[in-house]
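Q: Below is the file entry.cif, which contains mmCIF, C-alpha atoms and all ligand atoms.
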```cif
data_data
#
loop_
_atom_site.label_atom_id
_atom_site.label_comp_id
_atom_site.auth_asym_id
_atom_site.auth_seq_id
_atom_site.Cartn_x
_atom_site.Cartn_y
_atom_site.Cartn_z
CA MET V 1 -39.26 79.33 172.95
CA ILE V 2 -39.60 76.00 174.59
CA GLN V 3 -39.55 73.40 171.91
CA GLY V 4 -36.94 71.46 173.84
CA GLU V 5 -39.19 69.49 176.11
CA LEU V 6 -41.63 68.54 173.40
CA PHE V 7 -38.88 67.42 171.07
CA ASP V 8 -36.75 65.85 173.76
CA GLY V 9 -37.87 62.26 173.49
CA ALA V 10 -35.42 59.72 172.26
CA SER V 11 -36.94 58.15 169.18
CA GLY V 12 -39.89 60.31 168.27
CA GLY V 13 -41.27 57.55 166.08
CA ALA V 14 -42.75 58.21 162.67
CA SER V 15 -42.09 61.42 160.79
CA GLY V 16 -44.58 63.59 158.99
CA GLY V 17 -47.77 65.28 160.03
CA ALA V 18 -50.48 62.73 159.23
CA VAL V 19 -52.68 61.98 162.18
CA SER V 20 -54.98 59.35 160.75
CA GLY V 21 -55.74 56.04 162.34
CA GLY V 22 -57.29 54.96 165.61
CA SER V 23 -56.72 51.51 167.00
CA SER V 24 -56.94 48.88 164.32
CA GLY V 25 -58.81 46.62 166.69
CA GLY V 26 -55.97 44.10 166.93
CA GLY V 27 -54.83 42.85 170.32
CA GLU V 28 -56.55 43.08 173.64
CA ARG V 29 -57.98 46.43 174.70
CA PRO V 30 -59.52 47.33 178.02
CA ALA V 31 -63.26 47.90 177.97
CA ARG V 32 -64.85 51.29 177.36
CA SER V 33 -66.53 52.98 180.26
CA GLU V 34 -69.09 55.73 180.77
CA PRO V 35 -67.93 57.67 183.82
CA ALA V 36 -70.91 60.06 183.55
CA PRO V 37 -73.92 60.31 181.22
CA GLY V 38 -72.58 61.64 177.92
CA ALA V 39 -68.91 60.96 178.80
CA VAL V 40 -67.29 57.91 177.23
CA LEU V 41 -63.73 56.72 177.87
CA LEU V 42 -62.17 54.57 175.15
CA PRO V 43 -58.99 53.20 176.76
CA GLY V 44 -56.08 52.50 174.43
CA TRP V 45 -58.08 53.61 171.40
CA LEU V 46 -54.94 54.94 169.74
CA ASP V 47 -52.45 52.14 169.21
CA LEU V 48 -48.73 52.90 169.36
CA ASP V 49 -48.48 53.70 165.66
CA ALA V 50 -51.42 56.09 165.87
CA GLN V 51 -49.89 57.70 168.97
CA ARG V 52 -46.60 58.14 167.07
CA ARG V 53 -48.38 59.80 164.17
CA LEU V 54 -50.26 62.15 166.45
CA LEU V 55 -47.08 62.98 168.37
CA ALA V 56 -45.21 63.69 165.12
CA ALA V 57 -48.02 66.01 164.08
CA CYS V 58 -47.96 67.77 167.48
CA ARG V 59 -44.25 68.36 167.05
CA GLU V 60 -44.90 70.04 163.71
CA TRP V 61 -47.75 72.14 165.12
CA ALA V 62 -45.55 73.21 168.04
CA ARG V 63 -43.02 74.88 165.76
CA PRO V 64 -43.19 78.64 165.29
CA PRO V 65 -44.80 80.62 163.86
CA ALA V 66 -48.03 80.25 165.85
CA GLY V 67 -46.40 77.43 167.80
CA LEU V 68 -46.20 76.24 171.39
CA HIS V 69 -46.61 79.11 173.81
CA GLU V 70 -47.30 80.00 177.39
CA VAL V 71 -50.71 81.31 178.38
CA ARG V 72 -51.38 84.23 180.70
CA MET V 73 -54.63 84.14 182.61
CA PRO V 74 -56.73 87.30 183.05
CA THR V 75 -55.61 87.26 186.70
CA GLY V 76 -52.03 87.78 185.52
CA GLY V 77 -50.74 84.33 186.43
CA MET V 78 -49.30 81.94 183.86
CA MET V 79 -50.83 78.54 183.17
CA SER V 80 -48.45 75.68 183.86
CA VAL V 81 -49.59 74.00 180.64
CA ARG V 82 -48.26 75.24 177.31
CA MET V 83 -50.50 75.24 174.28
CA VAL V 84 -50.81 75.25 170.53
CA SER V 85 -54.09 76.10 168.85
CA LEU V 86 -55.30 74.89 165.47
CA GLY V 87 -58.12 76.41 163.39
CA LEU V 88 -58.54 79.38 165.71
CA HIS V 89 -56.32 80.61 168.52
CA TRP V 90 -57.76 79.98 171.97
CA TYR V 91 -57.03 82.47 174.72
CA PRO V 92 -58.72 82.81 178.11
CA TYR V 93 -61.60 83.14 177.33
CA GLY V 94 -62.29 83.22 173.61
CA TYR V 95 -61.05 82.44 170.10
CA ARG V 96 -59.39 84.68 167.53
CA PRO V 97 -57.60 84.15 164.18
CA LEU V 98 -54.13 85.33 165.22
CA ALA V 99 -51.81 83.44 167.55
CA GLU V 100 -49.81 84.89 170.47
CA ASP V 101 -47.02 85.97 168.13
CA GLY V 102 -49.45 87.84 165.84
CA THR V 103 -49.23 85.30 163.02
CA PRO V 104 -52.19 83.35 161.60
CA VAL V 105 -52.97 80.21 163.58
CA LYS V 106 -52.22 76.93 161.83
CA PRO V 107 -55.17 75.39 159.95
CA PHE V 108 -57.23 72.64 161.54
CA PRO V 109 -56.08 69.38 159.88
CA PRO V 110 -58.88 67.40 158.20
CA GLU V 111 -57.23 64.11 159.31
CA LEU V 112 -57.58 65.18 162.93
CA GLY V 113 -61.25 65.93 162.30
CA ALA V 114 -61.72 62.49 160.74
CA LEU V 115 -60.04 60.83 163.73
CA ALA V 116 -62.28 62.73 166.14
CA ARG V 117 -65.38 61.85 164.12
CA ARG V 118 -64.48 58.18 164.37
CA ALA V 119 -64.06 58.52 168.12
CA VAL V 120 -67.50 60.16 168.42
CA ALA V 121 -69.08 57.42 166.29
CA GLU V 122 -67.45 54.73 168.41
CA ALA V 123 -68.31 56.46 171.68
CA TYR V 124 -71.99 56.98 170.96
CA GLY V 125 -72.78 54.71 168.04
CA ASP V 126 -73.87 51.83 170.22
CA GLY V 127 -75.92 54.05 172.46
CA PRO V 128 -74.71 54.61 176.02
CA ALA V 129 -77.23 53.65 178.66
CA GLY V 130 -80.22 55.94 178.70
CA LEU V 131 -79.13 57.93 175.64
CA ASP V 132 -80.31 57.45 172.10
CA GLY V 133 -77.03 56.73 170.30
CA LEU V 134 -75.53 59.43 168.07
CA ASP V 135 -78.92 61.10 167.71
CA GLY V 136 -79.25 61.41 171.50
CA ILE V 137 -76.13 63.59 171.84
CA ALA V 138 -76.23 67.19 170.60
CA GLY V 139 -74.08 67.62 167.50
CA ALA V 140 -72.78 64.04 167.45
CA ALA V 141 -74.46 62.75 164.27
CA SER V 142 -73.30 65.76 162.22
CA TYR V 143 -69.98 66.26 164.04
CA GLU V 144 -67.75 68.69 162.09
CA PRO V 145 -64.88 69.73 164.36
CA ASP V 146 -62.86 72.71 163.20
CA VAL V 147 -60.61 73.73 166.11
CA ALA V 148 -58.22 71.96 168.45
CA ILE V 149 -56.05 72.82 171.41
CA VAL V 150 -52.85 70.90 172.09
CA ASN V 151 -51.77 71.01 175.74
CA HIS V 152 -48.29 70.03 176.84
CA TYR V 153 -47.86 69.09 180.50
CA ALA V 154 -44.26 69.09 181.68
CA HIS V 155 -43.73 67.41 185.05
CA GLY V 156 -45.76 69.27 187.69
CA ALA V 157 -48.12 70.97 185.26
CA LYS V 158 -51.85 70.75 185.85
CA MET V 159 -55.09 72.38 184.78
CA GLY V 160 -57.72 73.74 187.13
CA LEU V 161 -61.37 72.74 186.94
CA HIS V 162 -63.13 74.64 184.18
CA GLN V 163 -65.93 74.32 181.65
CA ASP V 164 -65.30 74.48 177.88
CA ARG V 165 -67.66 77.34 177.15
CA ASP V 166 -65.85 79.41 174.53
CA GLU V 167 -67.32 77.53 171.57
CA ARG V 168 -70.68 78.48 170.07
CA ALA V 169 -71.62 74.86 169.42
CA ASP V 170 -72.61 72.24 171.95
CA ALA V 171 -71.15 69.34 169.94
CA PRO V 172 -68.94 66.88 171.84
CA VAL V 173 -65.32 67.52 172.80
CA VAL V 174 -62.89 64.72 171.89
CA SER V 175 -59.77 64.47 174.02
CA PHE V 176 -56.74 62.41 172.94
CA SER V 177 -54.01 61.66 175.50
CA LEU V 178 -50.36 60.87 174.78
CA GLY V 179 -47.38 60.18 177.03
CA ASP V 180 -47.58 60.29 180.81
CA ALA V 181 -50.82 59.28 182.48
CA CYS V 182 -52.74 61.85 184.49
CA VAL V 183 -55.50 62.12 187.04
CA PHE V 184 -58.35 63.75 185.16
CA ARG V 185 -61.19 65.11 187.27
CA LEU V 186 -64.61 64.96 185.66
CA GLY V 187 -66.98 67.06 187.68
CA ASN V 188 -70.60 68.12 187.45
CA THR V 189 -72.12 70.81 185.26
CA GLU V 190 -73.09 73.17 188.10
CA THR V 191 -70.11 73.84 190.35
CA ARG V 192 -66.39 73.28 190.72
CA THR V 193 -67.09 71.22 193.81
CA ARG V 194 -68.13 67.59 194.30
CA PRO V 195 -69.54 65.37 193.00
CA TRP V 196 -66.72 64.47 190.68
CA THR V 197 -65.05 61.34 189.35
CA ASP V 198 -61.30 61.00 189.09
CA LEU V 199 -60.18 59.04 186.04
CA GLU V 200 -56.69 57.91 185.13
CA LEU V 201 -56.13 58.90 181.51
CA ARG V 202 -53.22 57.06 179.91
CA GLY V 203 -51.37 57.52 176.66
CA GLY V 204 -53.59 56.30 173.83
CA ASP V 205 -56.84 56.87 175.71
CA VAL V 206 -59.64 58.91 174.20
CA LEU V 207 -62.30 60.63 176.25
CA VAL V 208 -65.40 61.98 174.53
CA PHE V 209 -67.69 64.28 176.43
CA GLY V 210 -70.91 65.52 174.92
CA GLY V 211 -74.62 65.72 175.61
CA PRO V 212 -75.25 65.98 179.37
CA ALA V 213 -71.47 65.97 180.02
CA ARG V 214 -70.54 68.66 177.45
CA TYR V 215 -70.41 71.44 180.04
CA ALA V 216 -69.10 69.38 182.94
CA TYR V 217 -66.32 71.03 184.91
CA HIS V 218 -63.11 69.15 184.30
CA GLY V 219 -59.38 69.48 184.82
CA VAL V 220 -56.09 67.70 185.38
CA VAL V 221 -55.19 67.27 189.03
CA ARG V 222 -51.72 65.89 188.36
CA THR V 223 -49.68 64.01 185.82
CA LEU V 224 -47.91 60.79 186.72
CA ALA V 225 -44.32 61.40 185.66
CA GLY V 226 -42.46 58.58 184.00
CA THR V 227 -45.54 56.55 183.10
CA ALA V 228 -45.35 57.18 179.35
CA ASP V 229 -44.56 54.28 177.04
CA GLU V 230 -40.83 54.74 176.44
CA ALA V 231 -41.26 53.56 172.88
CA LEU V 232 -43.12 56.81 172.13
CA GLY V 233 -40.23 59.10 173.02
CA LEU V 234 -42.35 61.84 174.59
CA VAL V 235 -41.37 63.67 177.77
CA GLY V 236 -44.41 64.65 179.82
CA ARG V 237 -47.99 64.51 178.64
CA LEU V 238 -49.74 65.81 175.54
CA ASN V 239 -53.46 66.23 175.27
CA VAL V 240 -55.26 67.22 172.08
CA THR V 241 -58.85 68.38 172.49
CA VAL V 242 -60.86 68.63 169.30
CA ARG V 243 -63.97 70.80 169.21
CA GLU V 244 -66.60 72.26 166.94
CA SER V 245 -66.27 76.02 167.28
CA GLY V 246 -69.64 77.06 165.90
CA PHE V 247 -67.95 80.12 164.34
CA GLY V 248 -68.72 78.94 160.81
CA LEU V 249 -65.09 78.43 159.81
CA ARG V 250 -66.19 76.04 157.07
CA GLY V 251 -68.18 78.79 155.42
O1 LIG X 301 -55.44 67.73 179.39
C1 LIG X 301 -56.57 67.32 179.51
O2 LIG X 301 -56.84 66.11 179.59
C2 LIG X 301 -57.71 68.30 179.63
C3 LIG X 301 -57.56 69.48 178.74
C4 LIG X 301 -58.68 70.47 178.92
O3 LIG X 301 -59.43 70.39 179.85
C5 LIG X 301 -58.90 71.51 177.93
O4 LIG X 301 -58.12 71.67 176.99
O5 LIG X 301 -59.91 72.24 178.09
#
```
Taking this structure as input, can you express it in the form of structure tokens?
Ligand SMILES: O=C(O)CCC(=O)C(=O)O
A:
Amino acid sequence: MIQGELFDGASGGASGGAVSGGSSGGGERPARSEPAPGAVLLPGWLDLDAQRRLLAACREWARPPAGLHEVRMPTGGMMSVRMVSLGLHWYPYGYRPLAEDGTPVKPFPPELGALARRAVAEAYGDGPAGLDGLDGIAGAASYEPDVAIVNHYAHGAKMGLHQDRDERADAPVVSFSLGDACVFRLGNTETRTRPWTDLELRGGDVLVFGGPARYAYHGVVRTLAGTADEALGLVGRLNVTVRESGFGLRG
């Protein structure tokens, strides 16, 4: 097991598993942007305290059982990213209740759902150009996420262009970034080829993609080693994507 790299960082910040709290709005924050219709980037949305809380929670989720693990692709190759699933275990390409080690996957934390709901409200509440606010994005107004995937990128790890198609709901995906920055490629909904937009996602950034961007191909071309805020105490990059599974987990 590979907890080492995730738990390596010097300080680690706050303890405990609570993940509540986006940016409090204090201090100067870069402007939001809409890199594609339905995709909204909220730079620095998680302040340092919120990043610390989310990192502390990731460290707890990464512990066995049902903790951080490597992922084998159907082709036989291993992904360079290591993952933890919450709510349901994601594997290529589907969801199931049991994790890699055969134990039940950890529950999806309600605080993470609340954080993602706030991000969706902030992303779409004011109505991106040409879209009709929350009501103009499938599943945004009634957003009830119930699964999440935590990805850990050690130096050199990346993720190929793919669509998130294993959910049965077309509600938005909310992506929280911690640690090292990365080059995130946001493509089109038809092919893995151009046109695409390369975005730099930094620690604390939140990207929401729903509506016309929900099934856009996307991936991580590279991470930018050593760019993490040292105060966070994280080696590499963590990304938490929150989704609505559509599998009726809430009964
Ligand atoms: O790490 C990222 O920013 C992207 C993660 C991703 O594409 C996924 O989990 O499907």
Q: If we count all atoms listed in the file, what is near Gly38 of chain V at a cut-off of 6 Å, once residues fewer than 5 positions away on the same chain are taken out, given as JSON, numbers by chain?
A: {"V": [209, 210, 211, 212, 213]}
Q: Ligand LIG 301 (chain X): which residues are within 7 Å, counting all atoms listed in the file? Reply as a CSV table (one decimal) with C-alpha atoms, keeping the file's coordinate frame.
A:
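Written output follows (part.csv):
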```
chain,number,residue,atom,x,y,z
V,149,ILE,CA,-56.0,72.8,171.4
V,151,ASN,CA,-51.8,71.0,175.7
V,159,MET,CA,-55.1,72.4,184.8
V,164,ASP,CA,-65.3,74.5,177.9
V,175,SER,CA,-59.8,64.5,174.0
V,177,SER,CA,-54.0,61.7,175.5
V,184,PHE,CA,-58.4,63.8,185.2
V,218,HIS,CA,-63.1,69.2,184.3
V,219,GLY,CA,-59.4,69.5,184.8
V,220,VAL,CA,-56.1,67.7,185.4
V,239,ASN,CA,-53.5,66.2,175.3
V,241,THR,CA,-58.8,68.4,172.5
```
Q: So which one's closest to Val84 of chain V, V:Asp132, V:Ile137, V:Leu115, V:Ala148? Using all atoms listed in the file, please.
A: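 Checking each of V:Asp132, V:Ile137, V:Leu115, V:Ala148 against Val84 of chain V, counting all atoms listed in the file, the winner is V:Ala148.
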Q: Once you count only C-alpha atoms, which residues end up no further than 10 Å from (-52.4, 57.8, 174.4) in the file's frame, shown as an MDAnalysis selection string?
A: chainID V and resid 43:48 50:52 54:55 175:181 201:206 228:229 232 237:239
Q: Could you check the closest approach to Ala154 of chain V for each of V:Ala31, V:Leu42, V:Trp61, V:Met83 and tell me which residue wins, using all atoms listed in the file?
A: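 Looking at the shortest contact to Ala154 of chain V, the residue is V:Met83.
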Q: Looking at V:Leu98, V:Cys182, V:Val147, V:Val81, which one is nearest to Pro110 of chain V, with distances taken over all atoms listed in the file?
A: V:Val147
Q: Given only C-alpha atoms as the basis, pick out the residue of V:Ala231, V:Met78, V:Ala123, V:Ala116 nearest to Tyr91 of chain V.
A: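 Of all the options, V:Met78 lies closest to Tyr91 of chain V.
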Q: Could you list as a VMD selection string every residue that has an atom within 12 Å of (-51.6, 79.7, 181.9), using the file's coordinates and counting only C-alpha atoms?
A: chain V and resid 69 to 83 90 to 93 151 to 153 157 to 160
Q: Of the candidates V:Leu249, V:Leu88, V:Ala66, V:Leu207, which one gets nearest to Leu41 of chain V if we count all atoms listed in the file?
A: V:Leu207
Q: From the list V:Pro64, V:Gly156, V:Gly125, V:Gly133, which residue is nearest Ala225 of chain V when using only C-alpha atoms?
A: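 Selected residue with least distance to Ala225 of chain V: V:Gly156.
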Q: I'd like the interatomic distance between atom CA of Glu144 of chain V and atom CA of Ala114 of chain V, to a tenth of an Å.
A: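 Between atom CA of Glu144 of chain V and atom CA of Ala114 of chain V the gap works out to 8.8 Å.
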Q: Have a look at atom CA of Leu234 of chain V and atom CA of Ala56 of chain V and let me know their distance in Å, one decimal.
A: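 A separation of 10.1 Å between them.
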Q: Please identify all polymer residues within 8 Å of Asp198 of chain V, counting only C-alpha atoms, omitting same-chain residues fewer than 4 positions from it, and present them as an NGL selection string.
A: :V and (183-186)
Q: Atom CA of His89 of chain V to atom CA of Val105 of chain V: how many Å, to one decimal?
A: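 Value for the atom CA of His89 of chain V-atom CA of Val105 of chain V distance: 6.0 Å.
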Q: Since fewer atoms than expected are present, regenerate N, CA and C atoms for segment 44-77 of chain V and write them as a PDB file, in the coordinates of the input.
A:
```pdb
ATOM      1  N   GLY V  44     -56.983  53.073 175.426  1.00  0.00           N
ATOM      2  CA  GLY V  44     -56.080  52.500 174.430  1.00  0.00           C
ATOM      3  C   GLY V  44     -56.616  52.559 173.012  1.00  0.00           C
ATOM      4  N   TRP V  45     -57.458  53.528 172.738  1.00  0.00           N
ATOM      5  CA  TRP V  45     -58.080  53.610 171.400  1.00  0.00           C
ATOM      6  C   TRP V  45     -57.054  53.911 170.316  1.00  0.00           C
ATOM      7  N   LEU V  46     -56.032  54.688 170.690  1.00  0.00           N
ATOM      8  CA  LEU V  46     -54.940  54.940 169.740  1.00  0.00           C
ATOM      9  C   LEU V  46     -53.849  53.907 170.004  1.00  0.00           C
ATOM     10  N   ASP V  47     -53.555  53.080 169.021  1.00  0.00           N
ATOM     11  CA  ASP V  47     -52.450  52.140 169.210  1.00  0.00           C
ATOM     12  C   ASP V  47     -51.126  52.908 169.087  1.00  0.00           C
ATOM     13  N   LEU V  48     -50.013  52.190 169.301  1.00  0.00           N
ATOM     14  CA  LEU V  48     -48.730  52.900 169.360  1.00  0.00           C
ATOM     15  C   LEU V  48     -48.417  53.630 168.055  1.00  0.00           C
ATOM     16  N   ASP V  49     -48.748  53.023 166.936  1.00  0.00           N
ATOM     17  CA  ASP V  49     -48.480  53.700 165.660  1.00  0.00           C
ATOM     18  C   ASP V  49     -49.305  54.983 165.535  1.00  0.00           C
ATOM     19  N   ALA V  50     -50.563  54.901 165.947  1.00  0.00           N
ATOM     20  CA  ALA V  50     -51.420  56.090 165.870  1.00  0.00           C
ATOM     21  C   ALA V  50     -50.921  57.164 166.847  1.00  0.00           C
ATOM     22  N   GLN V  51     -50.445  56.739 168.019  1.00  0.00           N
ATOM     23  CA  GLN V  51     -49.890  57.700 168.970  1.00  0.00           C
ATOM     24  C   GLN V  51     -48.655  58.382 168.366  1.00  0.00           C
ATOM     25  N   ARG V  52     -47.818  57.571 167.694  1.00  0.00           N
ATOM     26  CA  ARG V  52     -46.600  58.140 167.070  1.00  0.00           C
ATOM     27  C   ARG V  52     -46.961  59.163 166.011  1.00  0.00           C
ATOM     28  N   ARG V  53     -47.984  58.852 165.225  1.00  0.00           N
ATOM     29  CA  ARG V  53     -48.380  59.800 164.170  1.00  0.00           C
ATOM     30  C   ARG V  53     -48.916  61.093 164.778  1.00  0.00           C
ATOM     31  N   LEU V  54     -49.710  60.938 165.825  1.00  0.00           N
ATOM     32  CA  LEU V  54     -50.260  62.150 166.450  1.00  0.00           C
ATOM     33  C   LEU V  54     -49.157  62.957 167.120  1.00  0.00           C
ATOM     34  N   LEU V  55     -48.205  62.274 167.750  1.00  0.00           N
ATOM     35  CA  LEU V  55     -47.080  62.980 168.370  1.00  0.00           C
ATOM     36  C   LEU V  55     -46.254  63.722 167.311  1.00  0.00           C
ATOM     37  N   ALA V  56     -45.987  63.046 166.189  1.00  0.00           N
ATOM     38  CA  ALA V  56     -45.210  63.690 165.120  1.00  0.00           C
ATOM     39  C   ALA V  56     -45.930  64.940 164.635  1.00  0.00           C
ATOM     40  N   ALA V  57     -47.252  64.846 164.515  1.00  0.00           N
ATOM     41  CA  ALA V  57     -48.020  66.010 164.080  1.00  0.00           C
ATOM     42  C   ALA V  57     -47.944  67.115 165.132  1.00  0.00           C
ATOM     43  N   CYS V  58     -48.046  66.751 166.411  1.00  0.00           N
ATOM     44  CA  CYS V  58     -47.960  67.770 167.480  1.00  0.00           C
ATOM     45  C   CYS V  58     -46.617  68.488 167.424  1.00  0.00           C
ATOM     46  N   ARG V  59     -45.571  67.739 167.130  1.00  0.00           N
ATOM     47  CA  ARG V  59     -44.250  68.360 167.050  1.00  0.00           C
ATOM     48  C   ARG V  59     -44.202  69.398 165.923  1.00  0.00           C
ATOM     49  N   GLU V  60     -44.847  69.069 164.820  1.00  0.00           N
ATOM     50  CA  GLU V  60     -44.900  70.040 163.710  1.00  0.00           C
ATOM     51  C   GLU V  60     -45.719  71.261 164.119  1.00  0.00           C
ATOM     52  N   TRP V  61     -46.877  71.022 164.734  1.00  0.00           N
ATOM     53  CA  TRP V  61     -47.750  72.140 165.120  1.00  0.00           C
ATOM     54  C   TRP V  61     -47.075  73.031 166.146  1.00  0.00           C
ATOM     55  N   ALA V  62     -46.189  72.440 166.959  1.00  0.00           N
ATOM     56  CA  ALA V  62     -45.550  73.210 168.040  1.00  0.00           C
ATOM     57  C   ALA V  62     -44.491  74.176 167.527  1.00  0.00           C
ATOM     58  N   ARG V  63     -44.077  73.993 166.281  1.00  0.00           N
ATOM     59  CA  ARG V  63     -43.020  74.880 165.760  1.00  0.00           C
ATOM     60  C   ARG V  63     -43.575  76.263 165.480  1.00  0.00           C
ATOM     61  N   PRO V  64     -42.758  77.302 165.686  1.00  0.00           N
ATOM     62  CA  PRO V  64     -43.190  78.640 165.290  1.00  0.00           C
ATOM     63  C   PRO V  64     -43.206  78.736 163.765  1.00  0.00           C
ATOM     64  N   PRO V  65     -43.941  79.658 163.177  1.00  0.00           N
ATOM     65  CA  PRO V  65     -44.800  80.620 163.860  1.00  0.00           C
ATOM     66  C   PRO V  65     -46.087  79.970 164.380  1.00  0.00           C
ATOM     67  N   ALA V  66     -46.764  80.700 165.243  1.00  0.00           N
ATOM     68  CA  ALA V  66     -48.030  80.250 165.850  1.00  0.00           C
ATOM     69  C   ALA V  66     -47.836  78.891 166.515  1.00  0.00           C
ATOM     70  N   GLY V  67     -46.710  78.718 167.196  1.00  0.00           N
ATOM     71  CA  GLY V  67     -46.400  77.430 167.800  1.00  0.00           C
ATOM     72  C   GLY V  67     -46.718  77.362 169.286  1.00  0.00           C
ATOM     73  N   LEU V  68     -45.990  76.472 169.955  1.00  0.00           N
ATOM     74  CA  LEU V  68     -46.200  76.240 171.390  1.00  0.00           C
ATOM     75  C   LEU V  68     -45.916  77.531 172.163  1.00  0.00           C
ATOM     76  N   HIS V  69     -46.776  77.849 173.091  1.00  0.00           N
ATOM     77  CA  HIS V  69     -46.610  79.110 173.810  1.00  0.00           C
ATOM     78  C   HIS V  69     -47.189  79.007 175.211  1.00  0.00           C
ATOM     79  N   GLU V  70     -46.758  79.930 176.042  1.00  0.00           N
ATOM     80  CA  GLU V  70     -47.300  80.000 177.390  1.00  0.00           C
ATOM     81  C   GLU V  70     -48.578  80.839 177.362  1.00  0.00           C
ATOM     82  N   VAL V  71     -49.403  80.631 178.368  1.00  0.00           N
ATOM     83  CA  VAL V  71     -50.710  81.310 178.380  1.00  0.00           C
ATOM     84  C   VAL V  71     -50.861  82.090 179.675  1.00  0.00           C
ATOM     85  N   ARG V  72     -51.141  83.382 179.521  1.00  0.00           N
ATOM     86  CA  ARG V  72     -51.380  84.230 180.700  1.00  0.00           C
ATOM     87  C   ARG V  72     -52.864  84.310 180.983  1.00  0.00           C
ATOM     88  N   MET V  73     -53.229  84.067 182.214  1.00  0.00           N
ATOM     89  CA  MET V  73     -54.630  84.140 182.610  1.00  0.00           C
ATOM     90  C   MET V  73     -55.008  85.607 182.862  1.00  0.00           C
ATOM     91  N   PRO V  74     -56.300  85.919 182.797  1.00  0.00           N
ATOM     92  CA  PRO V  74     -56.730  87.300 183.050  1.00  0.00           C
ATOM     93  C   PRO V  74     -56.283  87.801 184.427  1.00  0.00           C
ATOM     94  N   THR V  75     -56.073  86.875 185.360  1.00  0.00           N
ATOM     95  CA  THR V  75     -55.610  87.260 186.700  1.00  0.00           C
ATOM     96  C   THR V  75     -54.147  87.681 186.708  1.00  0.00           C
ATOM     97  N   GLY V  76     -53.439  87.407 185.601  1.00  0.00           N
ATOM     98  CA  GLY V  76     -52.030  87.780 185.520  1.00  0.00           C
ATOM     99  C   GLY V  76     -51.100  86.587 185.662  1.00  0.00           C
ATOM    100  N   GLY V  77     -51.579  85.517 186.255  1.00  0.00           N
ATOM    101  CA  GLY V  77     -50.740  84.330 186.430  1.00  0.00           C
ATOM    102  C   GLY V  77     -50.584  83.559 185.123  1.00  0.00           C
TER     103      GLY V  77
END
```
